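Novice: Hey, dropping work.cif in here, mmCIF, C-alpha atoms and all ligand atoms:
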data_final
loop_
_atom_site.label_atom_id
_atom_site.label_comp_id
_atom_site.auth_asym_id
_atom_site.auth_seq_id
_atom_site.Cartn_x
_atom_site.Cartn_y
_atom_site.Cartn_z
CA MET A 1 -52.78 19.35 192.05
CA PRO A 2 -52.79 15.86 193.63
CA LEU A 3 -50.13 13.62 192.19
CA ILE A 4 -51.24 12.07 188.94
CA ASP A 5 -50.47 8.53 190.15
CA THR A 6 -52.84 8.91 193.10
CA ILE A 7 -55.61 10.27 190.89
CA LYS A 8 -55.11 7.43 188.42
CA GLU A 9 -55.18 4.84 191.19
CA ALA A 10 -58.32 6.35 192.75
CA GLU A 11 -60.00 6.37 189.35
CA ARG A 12 -59.02 2.74 188.78
CA LEU A 13 -60.47 1.73 192.16
CA MET A 14 -63.72 3.63 191.69
CA THR A 15 -64.18 2.04 188.27
CA ILE A 16 -63.80 -1.42 189.83
CA CYS A 17 -66.04 -0.53 192.79
CA ASN A 18 -68.70 0.95 190.54
CA ALA A 19 -68.91 -2.37 188.70
CA CYS A 20 -68.85 -4.41 191.91
CA ARG A 21 -71.00 -2.30 194.28
CA TYR A 22 -70.77 -4.84 197.08
CA CYS A 23 -70.02 -2.06 199.61
CA GLU A 24 -72.84 0.28 198.63
CA GLY A 25 -74.45 0.16 202.07
CA PHE A 26 -71.22 0.72 203.98
CA CYS A 27 -70.93 4.50 203.95
CA ALA A 28 -71.78 7.68 202.06
CA VAL A 29 -68.90 7.22 199.59
CA PHE A 30 -70.34 4.33 197.59
CA PRO A 31 -73.81 5.85 196.93
CA ALA A 32 -71.98 9.07 195.90
CA MET A 33 -69.78 6.98 193.61
CA GLU A 34 -72.86 5.34 192.07
CA ARG A 35 -74.24 8.77 191.15
CA ARG A 36 -71.33 9.06 188.70
CA LYS A 37 -70.40 7.20 185.57
CA THR A 38 -66.96 8.74 185.18
CA PHE A 39 -64.55 10.14 187.75
CA GLY A 40 -62.82 13.43 187.18
CA GLU A 41 -60.26 14.84 189.58
CA GLY A 42 -62.89 16.92 191.39
CA ASP A 43 -65.13 13.85 191.86
CA LEU A 44 -62.28 11.77 193.24
CA THR A 45 -61.16 14.54 195.60
CA TYR A 46 -64.72 14.85 196.86
CA LEU A 47 -65.08 11.10 197.38
CA ALA A 48 -61.71 10.96 199.18
CA ASN A 49 -62.77 13.71 201.57
CA LEU A 50 -66.15 12.06 202.11
CA CYS A 51 -64.38 8.86 203.15
CA HIS A 52 -63.68 8.78 206.88
CA GLY A 53 -61.28 5.85 206.73
CA CYS A 54 -63.44 3.36 208.63
CA GLN A 55 -61.61 0.53 206.77
CA GLY A 56 -64.84 -1.45 206.38
CA CYS A 57 -64.57 -1.74 202.60
CA TYR A 58 -60.98 -2.97 202.85
CA TYR A 59 -61.80 -5.93 205.11
CA ALA A 60 -64.93 -6.78 203.11
CA CYS A 61 -63.27 -6.60 199.71
CA GLN A 62 -62.64 -9.80 197.80
CA TYR A 63 -60.27 -7.84 195.55
CA ALA A 64 -58.07 -6.46 198.35
CA PRO A 65 -54.40 -7.50 198.39
CA PRO A 66 -53.11 -10.17 197.83
CA HIS A 67 -55.69 -10.28 195.01
CA GLU A 68 -54.12 -9.02 191.79
CA PHE A 69 -56.60 -6.09 191.62
CA LYS A 70 -55.06 -4.76 194.85
CA VAL A 71 -58.15 -2.77 195.82
CA ASN A 72 -57.36 -0.67 198.88
CA VAL A 73 -59.83 2.20 198.97
CA PRO A 74 -59.07 3.62 202.45
CA GLN A 75 -55.33 3.79 201.79
CA THR A 76 -55.64 5.44 198.38
CA PHE A 77 -58.26 7.91 199.62
CA ALA A 78 -56.10 8.78 202.64
CA THR A 79 -53.20 9.61 200.30
CA LEU A 80 -55.47 11.59 197.99
CA ARG A 81 -56.95 13.51 200.93
CA ALA A 82 -53.49 14.50 202.14
CA GLU A 83 -52.51 15.62 198.66
CA SER A 84 -55.69 17.67 198.40
CA TYR A 85 -54.87 19.39 201.73
CA ALA A 86 -51.58 20.57 200.23
CA ASP A 87 -53.30 21.46 196.98
CA PHE A 88 -55.96 23.68 198.54
CA ALA A 89 -53.70 25.35 201.10
CA TRP A 90 -53.72 29.13 201.11
CA PRO A 91 -51.34 30.74 200.35
CA GLY A 92 -50.36 27.96 197.96
CA PHE A 93 -46.64 27.95 198.61
CA LEU A 94 -47.27 26.96 202.25
CA GLY A 95 -48.95 23.74 201.07
CA SER A 96 -45.54 22.08 201.11
CA LEU A 97 -45.72 22.20 204.93
CA PHE A 98 -48.17 19.28 204.76
CA ARG A 99 -45.49 17.11 203.23
CA LYS A 100 -42.99 17.71 206.02
CA ASN A 101 -42.77 15.60 209.11
CA GLY A 102 -45.71 16.78 211.19
CA VAL A 103 -44.22 15.98 214.58
CA VAL A 104 -40.98 17.82 213.89
CA VAL A 105 -42.73 20.87 212.42
CA SER A 106 -45.30 21.21 215.18
CA LEU A 107 -43.09 20.42 218.12
CA GLY A 108 -40.24 22.51 216.73
CA MET A 109 -42.62 25.39 216.34
CA ALA A 110 -44.11 24.86 219.77
CA LEU A 111 -40.70 24.75 221.40
CA GLY A 112 -39.50 27.72 219.39
CA LEU A 113 -42.51 29.79 220.30
CA GLY A 114 -42.34 28.69 223.91
CA LEU A 115 -38.72 29.76 223.92
CA LEU A 116 -39.65 33.06 222.33
CA LEU A 117 -42.10 33.75 225.10
CA LEU A 118 -39.55 32.72 227.69
CA LEU A 119 -37.15 35.20 226.09
CA LEU A 120 -39.84 37.79 226.51
CA PHE A 121 -39.55 36.98 230.14
CA GLY A 122 -35.99 38.21 229.84
CA MET A 123 -37.51 41.65 229.60
CA GLN A 124 -39.48 41.04 232.75
CA ASP A 125 -38.13 41.20 236.26
CA LEU A 126 -37.44 37.72 237.70
CA SER A 127 -39.26 38.61 240.89
CA ILE A 128 -42.37 39.17 238.78
CA ILE A 129 -41.91 36.00 236.71
CA PHE A 130 -41.47 33.78 239.73
CA GLY A 131 -43.65 35.72 242.11
CA SER A 132 -47.16 34.74 243.14
CA HIS A 133 -49.87 36.87 241.60
CA THR A 134 -53.50 36.86 242.58
CA GLY A 135 -56.60 38.84 241.81
CA GLU A 136 -57.70 40.83 238.81
CA GLY A 137 -55.06 41.20 236.07
CA ALA A 138 -52.66 38.63 237.60
CA PHE A 139 -51.73 37.19 234.17
CA TYR A 140 -51.11 40.60 232.67
CA ARG A 141 -48.66 41.48 235.41
CA VAL A 142 -46.41 38.76 233.97
CA ILE A 143 -47.11 39.18 230.24
CA PRO A 144 -48.58 42.56 229.28
CA TYR A 145 -52.09 42.54 227.81
CA ALA A 146 -50.99 43.91 224.42
CA ALA A 147 -48.18 41.36 224.06
CA MET A 148 -50.70 38.60 224.68
CA VAL A 149 -53.67 39.78 222.63
CA TRP A 150 -52.13 41.18 219.44
CA PRO A 151 -49.84 38.31 218.33
CA PHE A 152 -52.52 35.73 219.16
CA GLY A 153 -55.31 37.71 217.54
CA LEU A 154 -53.32 38.24 214.35
CA VAL A 155 -52.12 34.62 214.06
CA PHE A 156 -55.61 33.27 214.73
CA ALA A 157 -57.21 35.69 212.25
CA PHE A 158 -54.69 34.61 209.60
CA ALA A 159 -55.32 30.91 210.34
CA LEU A 160 -59.09 31.41 210.10
CA PHE A 161 -58.82 33.37 206.86
CA SER A 162 -56.44 30.81 205.42
CA MET A 163 -58.79 27.92 206.22
CA ILE A 164 -61.77 29.79 204.76
CA MET A 165 -59.78 30.42 201.58
CA GLY A 166 -58.82 26.73 201.50
CA GLY A 167 -62.49 25.81 201.83
CA VAL A 168 -63.46 28.16 198.98
CA ILE A 169 -60.75 26.72 196.71
CA TYR A 170 -61.83 23.19 197.64
CA TRP A 171 -65.50 23.91 196.89
CA ARG A 172 -64.69 25.50 193.53
CA SER A 173 -62.54 22.50 192.56
CA THR A 174 -65.07 19.87 193.57
CA ALA A 175 -68.75 20.66 194.20
CA ALA A 176 -68.98 23.78 192.03
CA LYS A 177 -67.45 21.87 189.11
CA SER A 178 -70.18 19.24 189.47
CA GLY A 179 -72.84 21.96 189.42
CA VAL A 180 -73.78 21.41 193.08
CA ARG A 181 -75.71 24.30 194.58
CA LEU A 182 -75.44 25.30 198.19
CA SER A 183 -78.71 25.33 200.09
CA VAL A 184 -79.68 25.84 203.71
CA GLY A 185 -80.92 22.24 203.85
CA ALA A 186 -77.61 20.87 202.58
CA ILE A 187 -75.61 22.97 205.02
CA LEU A 188 -77.82 21.84 207.92
CA GLY A 189 -77.42 18.24 206.75
CA GLY A 190 -73.63 18.65 206.80
CA VAL A 191 -73.72 20.27 210.24
CA ARG A 192 -75.86 17.43 211.61
CA ASP A 193 -73.46 14.82 210.23
CA VAL A 194 -70.50 16.63 211.80
CA LEU A 195 -72.17 17.06 215.20
CA THR A 196 -73.26 13.43 215.40
CA LEU A 197 -70.31 11.94 213.49
CA LYS A 198 -72.93 9.71 211.96
CA ASN A 199 -70.51 8.22 209.46
CA LEU A 200 -68.17 6.99 212.16
CA GLY A 201 -71.03 4.89 213.48
CA GLY A 202 -71.00 2.56 210.46
CA ALA A 203 -74.19 0.57 210.28
CA GLY A 204 -74.48 0.75 214.07
CA GLY A 205 -71.47 -1.25 215.12
CA GLY A 206 -68.89 1.47 214.51
CA CYS A 207 -65.74 1.45 212.39
CA ASN A 208 -63.46 -1.46 211.55
CA TYR A 209 -60.80 0.39 213.47
CA PRO A 210 -58.16 -0.16 214.74
CA ASP A 211 -58.57 -3.66 213.26
CA GLU A 212 -61.12 -5.82 211.51
CA SER A 213 -63.56 -6.00 214.42
CA PHE A 214 -66.27 -3.35 214.76
CA SER A 215 -65.68 -0.71 217.39
CA GLY A 216 -67.29 2.56 218.50
CA LYS A 217 -64.09 3.79 220.16
CA ARG A 218 -62.94 6.00 217.31
CA ARG A 219 -66.27 7.81 217.24
CA LEU A 220 -66.23 8.19 221.04
CA PHE A 221 -62.70 9.63 221.19
CA HIS A 222 -63.40 11.83 218.21
CA HIS A 223 -66.42 13.20 220.10
CA PHE A 224 -64.24 13.92 223.14
CA THR A 225 -61.75 15.76 220.92
CA PHE A 226 -64.29 17.70 218.87
CA TYR A 227 -66.51 18.79 221.76
CA GLY A 228 -63.47 19.39 223.96
CA PHE A 229 -62.12 21.76 221.33
CA MET A 230 -65.47 23.49 220.91
CA LEU A 231 -65.90 23.94 224.68
CA CYS A 232 -62.39 25.43 224.97
CA PHE A 233 -63.22 27.75 222.10
CA ALA A 234 -66.46 28.73 223.87
CA ALA A 235 -64.50 29.35 227.09
CA THR A 236 -62.11 31.70 225.25
CA SER A 237 -65.04 33.47 223.58
CA PHE A 238 -66.82 34.03 226.90
CA ALA A 239 -63.57 35.26 228.46
CA THR A 240 -63.25 37.77 225.60
CA ILE A 241 -66.82 38.96 226.17
CA TYR A 242 -66.21 39.24 229.92
CA ASP A 243 -63.10 41.31 229.26
CA HIS A 244 -64.26 43.58 226.45
CA TRP A 245 -67.97 44.03 227.22
CA PHE A 246 -68.14 43.80 230.97
CA GLY A 247 -64.62 44.88 231.89
CA TRP A 248 -64.17 41.77 234.07
CA ILE A 249 -60.45 41.03 233.97
CA ALA A 250 -58.98 37.48 234.12
CA PRO A 251 -58.28 35.29 235.99
CA TYR A 252 -61.86 34.26 236.68
CA SER A 253 -63.19 32.21 239.58
CA PHE A 254 -63.35 28.42 239.37
CA THR A 255 -67.14 28.62 239.11
CA SER A 256 -67.18 31.17 236.28
CA LEU A 257 -68.41 30.19 232.82
CA PRO A 258 -65.01 30.49 231.05
CA VAL A 259 -63.28 28.32 233.67
CA LEU A 260 -66.05 25.70 233.83
CA LEU A 261 -66.26 25.41 230.03
CA GLY A 262 -62.46 25.40 229.74
CA THR A 263 -62.12 22.69 232.38
CA VAL A 264 -64.67 20.34 230.84
CA GLY A 265 -63.33 21.05 227.34
CA GLY A 266 -59.74 20.63 228.54
CA ILE A 267 -60.52 17.21 229.99
CA GLY A 268 -62.13 16.26 226.66
CA LEU A 269 -58.95 17.39 224.91
CA LEU A 270 -56.88 15.13 227.13
CA VAL A 271 -59.06 12.03 226.83
CA GLY A 272 -59.86 12.35 223.10
CA PRO A 273 -56.33 12.82 221.69
CA VAL A 274 -54.87 10.14 223.98
CA GLY A 275 -57.58 7.67 222.93
CA LEU A 276 -57.20 8.49 219.22
CA MET A 277 -53.41 8.25 219.48
CA LYS A 278 -53.66 4.82 221.13
CA LEU A 279 -56.02 3.61 218.37
CA LYS A 280 -53.65 4.97 215.71
CA LEU A 281 -50.68 3.18 217.20
CA ASP A 282 -52.66 -0.07 217.44
CA ALA A 283 -54.17 0.23 213.97
CA ASP A 284 -53.62 -2.32 211.22
CA PRO A 285 -51.15 -0.64 208.81
CA ALA A 286 -52.46 -2.40 205.67
CA PRO A 287 -55.42 -0.10 204.88
CA ARG A 288 -53.63 3.10 205.90
CA ASP A 289 -51.09 5.52 204.53
CA ARG A 290 -48.29 5.31 207.08
CA ASP A 291 -46.67 8.48 205.70
CA LEU A 292 -49.52 10.48 207.20
CA MET A 293 -48.91 9.25 210.73
CA GLY A 294 -46.62 12.21 211.52
CA MET A 295 -49.25 14.81 210.66
CA ASP A 296 -51.95 13.00 212.65
CA VAL A 297 -49.79 12.44 215.71
CA ALA A 298 -48.43 16.01 215.66
CA PHE A 299 -51.93 17.45 215.76
CA LEU A 300 -53.09 15.16 218.55
CA MET A 301 -49.97 15.89 220.59
CA LEU A 302 -50.38 19.62 220.16
CA LEU A 303 -54.01 19.45 221.28
CA PHE A 304 -52.99 17.38 224.29
CA LEU A 305 -50.17 19.77 225.24
CA VAL A 306 -52.37 22.85 224.89
CA SER A 307 -54.95 21.25 227.14
CA PHE A 308 -52.51 19.83 229.65
CA THR A 309 -50.63 23.11 230.12
CA GLY A 310 -53.94 25.03 230.21
CA LEU A 311 -55.32 22.87 233.00
CA ALA A 312 -52.00 23.03 234.89
CA LEU A 313 -52.04 26.82 234.57
CA MET A 314 -55.57 26.96 235.94
CA LEU A 315 -54.72 24.77 238.94
CA LEU A 316 -51.38 26.47 239.73
CA ARG A 317 -52.27 30.03 238.80
CA GLU A 318 -51.78 31.36 242.32
CA THR A 319 -48.35 29.78 242.76
CA SER A 320 -44.89 30.89 241.65
CA ALA A 321 -45.12 28.46 238.68
CA MET A 322 -47.78 30.60 237.03
CA GLY A 323 -45.39 32.80 234.99
CA THR A 324 -43.52 29.90 233.41
CA LEU A 325 -46.68 27.87 232.83
CA LEU A 326 -48.36 30.86 231.20
CA ALA A 327 -45.45 31.24 228.74
CA VAL A 328 -45.33 27.55 227.88
CA HIS A 329 -49.12 27.30 227.50
CA LEU A 330 -49.21 30.36 225.26
CA GLY A 331 -46.32 28.92 223.24
CA PHE A 332 -48.33 25.77 222.52
CA VAL A 333 -51.49 27.75 221.78
CA LEU A 334 -49.62 29.96 219.33
CA ALA A 335 -48.07 26.87 217.69
CA LEU A 336 -51.54 25.35 217.37
CA PHE A 337 -53.00 28.51 215.83
CA ALA A 338 -50.05 28.88 213.42
CA THR A 339 -50.26 25.29 212.19
CA LEU A 340 -54.08 25.02 212.02
CA PRO A 341 -54.28 25.68 208.25
CA TYR A 342 -51.30 23.41 207.46
CA GLY A 343 -52.04 20.35 209.53
CA LYS A 344 -54.70 17.79 210.35
CA MET A 345 -57.22 20.43 211.43
CA VAL A 346 -58.13 21.17 207.81
CA HIS A 347 -59.70 17.74 207.45
CA GLY A 348 -62.63 19.18 209.41
CA VAL A 349 -63.18 21.91 206.80
CA TYR A 350 -63.01 19.65 203.75
CA ARG A 351 -64.95 16.78 205.27
CA PHE A 352 -67.69 19.18 206.32
CA LEU A 353 -67.88 20.56 202.76
CA ALA A 354 -67.91 17.01 201.37
CA LEU A 355 -70.81 16.18 203.70
CA VAL A 356 -72.65 19.31 202.54
CA GLN A 357 -72.11 18.27 198.92
CA ASP A 358 -73.34 14.78 199.74
CA ALA A 359 -76.47 16.18 201.39
CA ALA A 360 -77.07 18.45 198.37
CA GLU A 361 -76.64 15.59 195.90
CA ARG A 362 -78.96 13.31 197.86
CA LYS A 363 -81.61 16.01 197.88
CA VAL A 364 -81.54 16.27 194.10
CA GLU A 365 -81.91 12.50 193.63
S1 LIG A 401 -64.13 -2.17 197.90
FE1 LIG A 401 -64.06 -4.19 196.93
S2 LIG A 401 -65.94 -5.21 197.59
FE2 LIG A 401 -66.19 -3.03 197.99
S3 LIG A 401 -67.21 -2.20 196.18
FE3 LIG A 401 -65.00 -1.95 195.89
S4 LIG A 401 -64.36 -3.74 194.76
FE4 LIG A 401 -66.36 -4.20 195.62
S1 LIG A 402 -62.95 3.28 204.29
FE1 LIG A 402 -65.02 3.33 205.14
S2 LIG A 402 -65.69 5.39 204.68
FE2 LIG A 402 -63.94 5.03 203.35
S3 LIG A 402 -64.83 4.26 201.45
FE3 LIG A 402 -64.34 2.46 202.72
S4 LIG A 402 -66.26 2.01 203.81
FE4 LIG A 402 -66.41 4.09 203.03
#
As structure tokens - that is how I would like this structure written.
Specialist:
Amino acid sequence: MPLIDTIKEAERLMTICNACRYCEGFCAVFPAMERRKTFGEGDLTYLANLCHGCQGCYYACQYAPPHEFKVNVPQTFATLRAESYADFAWPGFLGSLFRKNGVVVSLGMALGLGLLLLLLFGMQDLSIIFGSHTGEGAFYRVIPYAAMVWPFGLVFAFALFSMIMGGVIYWRSTAAKSGVRLSVGAILGGVRDVLTLKNLGGAGGGCNYPDESFSGKRRLFHHFTFYGFMLCFAATSFATIYDHWFGWIAPYSFTSLPVLLGTVGGIGLLVGPVGLMKLKLDADPAPRDRDLMGMDVAFLMLLFLVSFTGLALMLLRETSAMGTLLAVHLGFVLALFATLPYGKMVHGVYRFLALVQDAAERKVE
């Protein structure tokens, strides 16, 4: 359950905002707020996850600090969102991972797993590890197929299941409590909002991020990150189809679909996280929850490292560096998979569900 103080503060702010309503055209949060007269915990959690932290309402607010009302919606909603991530984590006892320093957890895990894979190399002949391998099955000559597929498959399946369970718990605690019904139209509305990141566009000028001036940079870098991730996922999916259905064994040629998709996606995952990280470091601290910086930065760094080592592996796969690069890349990938349900990635699940709820509520109006 989110901390009572955060809930109370969010309720206080929404009560003030619902009387004021100056920001009603700013984003989806304020119209959703206006559909309510009172704010239960589920309502506030939904509104917090619908908020994308554009900071517009903070800079526009006549009641923001130093005013005695101290209205700071983006900061309070950011804290509430983070508390809801821990609250909806599955299994529940792992929710405490959200509260730990994100950089230390993710990098420690990445280094540990990378080390683990390097230890695996201890079982492999050095001449194989540092030899040059070309042609079909080159990767599997260094790390056996089963050692690569099973741990990754199991960790990814667990992460996926865990995030689905988190989504179900979230929906039951928010939308279902408000009597919202899922419909195809609402789901499509949510998907459209995610694919276009409409809400990061503000009223056309973008977010008030990293400072008071309007900027489309956050939306742009978020697009790079999102589509980069999706293209890399598509590349892995095609590689799996090639392997299992057609019996075409990796590595694939530079002009093959998995490599082309992975390359474009990988570049997106370099540009996007670096851009978002720069904006985060430059951002005005007043409307933000600085305690969440670790989790955000850890996720962006992990995405960057997965992409960087993946691209390096692709370029140097026929050299003697391939064995080491393969282990390090897989270490980062495994760290990413393992931390997906307990890090920043979950914001995608809950924000999508909040957007679906918003679309459903607007339809009923
Ligand atoms: S954030 Fe401030 S200006 Fe905007 S609706 Fe709330 S109280 Fe009014
Ligand atoms: S920070 Fe932006 S998205 Fe969040 S409530 Fe304020 S205006 Fe809406």
Novice: Could you jot down the atom CA of Asn208 of chain A to atom CA of Asp87 of chain A separation for me, Å, one decimal place?
Specialist: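 About the pair atom CA of Asn208 of chain A and atom CA of Asp87 of chain A: they are 29.0 Å apart.
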Novice: Check the smallest atom-to-atom distance from each of A:Ala60, A:Ala286, A:Ala359, A:Ala48 to ligand LIG 401 (chain A) using only C-alpha atoms and all ligand atoms, then report the winner.
Specialist: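 The closest residue to ligand LIG 401 (chain A) is A:Ala60.
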Novice: Rank A:Arg218, A:Trp90, A:Met277, A:Pro287 by their smallest atom-to-atom distance to Pro65 of chain A, using all atoms listed in the file, and report the top residue only.
Specialist: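 Looking at the shortest contact to Pro65 of chain A, the residue is A:Pro287.
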Novice: If I take atom CA of Ser96 of chain A and atom CA of Gly167 of chain A, how far is one from the other in Å, to one decimal?
Specialist: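 Separation of atom CA of Ser96 of chain A and atom CA of Gly167 of chain A: 17.4 Å.
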Novice: Residues within 10 Å of ligand LIG 402 (chain A), counting all atoms listed in the file: report them as JSON, numbers by chain.
Specialist: {"A": [14, 17, 23, 24, 25, 26, 27, 28, 29, 30, 31, 33, 47, 48, 49, 50, 51, 52, 53, 54, 55, 56, 57, 58, 59, 60, 61, 72, 73, 74, 75, 76, 77, 78, 199, 200, 202, 207, 208, 209, 287, 288]}
Novice: For Leu281 of chain A, find every residue with an atom within 10 Å (counting all atoms listed in the file), except residues of its own chain fewer than 3 positions away, and show them as a list of chain:residue names.
Specialist: A:Pro210, A:Leu276, A:Met277, A:Lys278, A:Asp284, A:Pro285, A:Met293, A:Val297
Novice: Would you output that residue set with C-alpha atoms, as a PDB file, in the coordinates of the input?
Specialist:
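Output file selection-v8.pdb follows:
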ATOM      1  CA  PRO A 210     -58.160  -0.160 214.740  1.00  0.00           C
ATOM      2  CA  LEU A 276     -57.200   8.490 219.220  1.00  0.00           C
ATOM      3  CA  MET A 277     -53.410   8.250 219.480  1.00  0.00           C
ATOM      4  CA  LYS A 278     -53.660   4.820 221.130  1.00  0.00           C
ATOM      5  CA  ASP A 284     -53.620  -2.320 211.220  1.00  0.00           C
ATOM      6  CA  PRO A 285     -51.150  -0.640 208.810  1.00  0.00           C
ATOM      7  CA  MET A 293     -48.910   9.250 210.730  1.00  0.00           C
ATOM      8  CA  VAL A 297     -49.790  12.440 215.710  1.00  0.00           C
TER       9      VAL A 297
END
Novice: Quick one: residues within 12 Å of Arg12 of chain A, all atoms listed in the file counted, chain neighbours fewer than 3 positions away excluded, as a list in words?
Specialist: Asp5, Thr6, Ile7, Lys8, Glu9, Thr15, Ile16, Cys17, Asn18, Ala19, Thr38, Phe39, Gly40, Leu44, Phe69, Lys70, Val71, Asn72, Val73 and Thr76 of chain A
Novice: Using only C-alpha atoms and all ligand atoms for the distances, tell me which of A:Arg317, A:Arg181, A:Lys37, A:His67 is nearest to ligand LIG 401 (chain A).
Specialist: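 Going through A:Arg317, A:Arg181, A:Lys37, A:His67 one by one, the smallest distance to ligand LIG 401 (chain A) is for A:His67.
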Novice: Which distance in Å separates atom CA of Tyr140 of chain A and atom CA of Ala250 of chain A, to one decimal?
Specialist: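 Distance reported for this atom pair: 8.6 Å.
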Novice: For a quick check of understanding, using only C-alpha atoms, which of A:Pro341, A:Gly42, A:Gly216, A:Gly268 has the smallest distance to Pro91 of chain A?
Specialist: A:Pro341
Novice: Which one of A:Cys20, A:Ile241, A:Ile4, A:Val142 sits closest to Thr79 of chain A if you count only C-alpha atoms?
Specialist: A:Ile4
Novice: Is it possible to get the residues within 9 Å of (-55.5, 42.9, 235.6) (coordinates as in the file, counting only C-alpha atoms) written as a short mmCIF file (atom, residue, chain, number, x, y, z; two decimals) with C-alpha atoms, keeping the file's coordinate frame?
Specialist:
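To be explicit, this is the file written out as selection.cif:
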data_model
loop_
_atom_site.label_atom_id
_atom_site.label_comp_id
_atom_site.auth_asym_id
_atom_site.auth_seq_id
_atom_site.Cartn_x
_atom_site.Cartn_y
_atom_site.Cartn_z
CA GLY A 135 -56.60 38.84 241.81
CA GLU A 136 -57.70 40.83 238.81
CA GLY A 137 -55.06 41.20 236.07
CA ALA A 138 -52.66 38.63 237.60
CA PHE A 139 -51.73 37.19 234.17
CA TYR A 140 -51.11 40.60 232.67
CA ARG A 141 -48.66 41.48 235.41
CA TYR A 145 -52.09 42.54 227.81
CA TRP A 248 -64.17 41.77 234.07
CA ILE A 249 -60.45 41.03 233.97
CA ALA A 250 -58.98 37.48 234.12
CA PRO A 251 -58.28 35.29 235.99
#
Novice: So, counting all atoms listed in the file, which residue among A:Tyr46, A:Tyr350, A:Tyr63, A:Phe224 is closest to ligand LIG 401 (chain A)?
Specialist: A:Tyr63
Novice: Which protein, DNA or RNA residues are at most 7 Å from (-56.9, 29.5, 216.3) in the file's coordinates when you count only C-alpha atoms, listed as a ChimeraX atom specification?
Specialist: /A:156,159-160,336-337,340
Novice: Taking all atoms of segment 190-207 of chain A that the file lists and extending 4 Å past them on each side, where is the centre of the axis-aligned box and how long are its edges? Answer in Å to one decimal, as JSON.
Specialist:
{"center_x": -70.8, "center_y": 9.5, "center_z": 211.1, "size_x": 18.1, "size_y": 29.5, "size_z": 16.6}
Novice: Would you output segment 219-254 of chain A from that structure, restricted to C-alpha atoms, as a short mmCIF file (atom, residue, chain, number, x, y, z; two decimals), in the first residue's frame?
Specialist:
data_model
loop_
_atom_site.label_atom_id
_atom_site.label_comp_id
_atom_site.auth_asym_id
_atom_site.auth_seq_id
_atom_site.Cartn_x
_atom_site.Cartn_y
_atom_site.Cartn_z
CA ARG A 219 9.09 12.89 -26.48
CA LEU A 220 11.73 12.48 -29.20
CA PHE A 221 14.20 10.61 -26.98
CA HIS A 222 11.42 8.54 -25.50
CA HIS A 223 10.46 7.54 -29.06
CA PHE A 224 14.06 6.53 -29.79
CA THR A 225 14.10 4.41 -26.62
CA PHE A 226 10.68 2.82 -27.07
CA TYR A 227 11.01 1.99 -30.76
CA GLY A 228 14.65 0.99 -30.29
CA PHE A 229 13.55 -1.50 -27.65
CA MET A 230 10.71 -2.80 -29.81
CA LEU A 231 12.99 -3.23 -32.84
CA CYS A 232 15.54 -5.14 -30.74
CA PHE A 233 12.73 -7.32 -29.45
CA ALA A 234 11.57 -7.90 -33.04
CA ALA A 235 15.15 -8.79 -34.03
CA THR A 236 15.34 -11.41 -31.25
CA SER A 237 11.93 -12.77 -32.23
CA PHE A 238 12.92 -13.14 -35.89
CA ALA A 239 16.20 -14.79 -34.85
CA THR A 240 14.19 -17.28 -32.78
CA ILE A 241 11.94 -18.02 -35.76
CA TYR A 242 14.96 -18.42 -38.04
CA ASP A 243 16.51 -20.85 -35.58
CA HIS A 244 13.51 -22.93 -34.55
CA TRP A 245 11.37 -22.93 -37.71
CA PHE A 246 13.89 -22.71 -40.50
CA GLY A 247 16.93 -24.23 -38.81
CA TRP A 248 19.06 -21.22 -39.81
CA ILE A 249 21.70 -20.95 -37.10
CA ALA A 250 23.19 -17.61 -35.91
CA PRO A 251 25.21 -15.54 -36.58
CA TYR A 252 23.24 -14.08 -39.47
CA SER A 253 24.51 -11.91 -42.32
CA PHE A 254 24.62 -8.12 -41.97
#
